[in-house]
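Encoded as structure tokens, the structure appears first; notes follow it.
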Amino acid sequence: MTQQSPISWTPFYDRVQNGGPDTWLPKVLALIDREKRAGARLFAVDLGCGEGRDTRELLKRGWRVLAVDSEPEAIERLRKHPDTAPHLDRLSTLTASMSEASLEGASLIYSFLALPYVPKQEWTKLWNAIGGAITCGAYFAGNLFGDRHHYAAYEGVNVVSESVARALFEPFDVLRFETLESKGIDASGAKVNNHEFRFVIRAKD
Ligand SMILES: C[S@@+](CC[C@H](N)C(=O)[O-])C[C@H]1O[C@@H](n2cnc3c(N)ncnc32)[C@H](O)[C@@H]1O
């Protein structure tokens, strides 16, 4: 039986706002650095950016960023954060569902803890746009929730089995695919089972 998602983003934003980027982003950027393909075109789109911990890290490292979130509070917090201030000239923002974002020209599309919340009816549009951007040379990195994730029981949260996740990425070059399963803390501080797939993909050569 599905339950209504209990998620309010404000406690999550409060919890992460001074903690630096998530643990996946630095690994993704190190991999991109090693590949030396992105070249001078350091333009990232952060889909479901939240209050902006990853966007700020990208800005700090010299990237231009389009940060997208459907919550006005998220974009407002990102823009007002003191660590964003020195980089505002390289930041653009969009308050909308991520399926509305233009991914044109991006060399990295990043989405952490946000893809599972995209409404099912928007997924095909989003996935087609991401696929198009990858074909044009972008990396796509982030995570998806697995089917043993605590939130699998909640309405509006999309989870996938490992075989479905792998099949989704099959047309692409999968540079990293990691399965994580552990006990963790959710946005409200409750103990939950975390089951996720972290990935970095790009077009096949
Ligand atoms: C758990 S937070 C993660 C935020 C950020 N990526 C991070 O790791 O700190 C999920 C974010 O996804 C956003 N979100 C959910 N569905 C979305 C959608 N369809 N389009 C854009 N943003 C969305 C929420 O508003 C929220 O800010």
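Quick note on naming: the chains in the structure tokens go A, B, ... in the order shown, residues restart at 1 in each chain, and ligands are numbered from 1 in order of appearance.
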> Within 6 Å of His149 (chain A), counting only C-alpha atoms, which residues qualify if same-chain residues fewer than 2 places away don't, as a PyMOL selection string?
Replying inline: chain A and resi 146-147+151-152+193-195
> Residues at most 12 Å from region 71-78 of chain A, counting only C-alpha atoms, excluding those fewer than 6 positions away in the same chain, as a ChimeraX atom specification?
Replying inline: /A:8-14,16-18,46-57,59,65,84-85,87-88,91-98,114
>> Which residues are near Phe172 (chain A)? Cut-off 7 Å, only C-alpha atoms, ignore same chain within fewer than 4 positions. Put them as JSON, numbers by chain.
In response: {"A": [201, 202, 203, 204]}
>> Taking only C-alpha atoms and all ligand atoms into account, name the residue in A:Ala153, A:Val200, A:Leu126, A:Val174 that is nearest to ligand 1.
In response: A:Leu126
>> Using only C-alpha atoms and all ligand atoms, can you tell me which of A:Glu196, A:Asp69, A:Glu162, A:Asp173 comes closest to ligand 1?
In response: A:Asp69
> What is the distance between CA of Gly62 (chain A) and CA of His81 (chain A), in Å to one decimal?
Replying inline: 17.3 Å
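With only C-alpha atoms and all ligand atoms as the atoms that count, the minimum distance from ligand 1 to the choices A:Cys136, A:Leu29, A:Leu113, A:Ala141 is reached by A:Leu113.
Excluding region 128-135 of chain A itself and any same-chain residue fewer than 5 positions from it, the protein and nucleic acid residues within 10 Å of it, counting only C-alpha atoms, are Ser99, Glu100, Ala101, Ser102, Leu103, Glu104, Gly105, Ala106, Ser107, Leu108, Ile109, Trp123, Phe140, Phe169, Pro171, Phe172, Ile201, Arg202, Ala203 and Lys204 of chain A.
Closest approach to Glu178 (chain A) among A:Leu31, A:Ala190, A:Val118, A:Leu144: A:Leu144, based on only C-alpha atoms.
Minimum atom-to-atom distance to Asp83 (chain A), evaluated using only C-alpha atoms, belongs to A:Gly19 out of A:Val192, A:Gly19, A:Pro26, A:Lys120.
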>> Which of chain A end up as helix (DSSP H, G or I) when DSSP is run on this backbone - answer as number ranges by chain?
In response: A: 9-16, 24-35, 53-60, 72-80, 85-90, 98-100, 115-117, 120-135, 150-153, 162-169
> Separation of atom 14 (N, counted along the ligand's line) of ligand 1 and CA of Val68 (chain A), in Å?
Replying inline: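 Spanning atom 14 (N, counted along the ligand's line) of ligand 1 to CA of Val68 (chain A) is a straight-line distance of 8.5 Å.
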> Of the candidates A:Arg176, A:Arg64, A:Arg166, A:Lys125, which one gets nearest to ligand 1 if we count only C-alpha atoms and all ligand atoms?
Replying inline: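 Ranking A:Arg176, A:Arg64, A:Arg166, A:Lys125 by distance to ligand 1, first place goes to A:Lys125.
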> Do you have the CA of Pro116 (chain A)-atom 24 (C, counted along the ligand's line) of ligand 1 distance handy?
Replying inline: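 If I compute the distance from CA of Pro116 (chain A) to atom 24 (C, counted along the ligand's line) of ligand 1, I get 10.0 Å.
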>> Using DSSP assignments from the backbone, pull out every residue in region 12-190 of chain A that falls under strand (DSSP E or B) and give it to me as an NGL selection string.
In response: :A and (43-47 or 64-69 or 91-95 or 108-111 or 139-146 or 154-155 or 159-160 or 173-185)
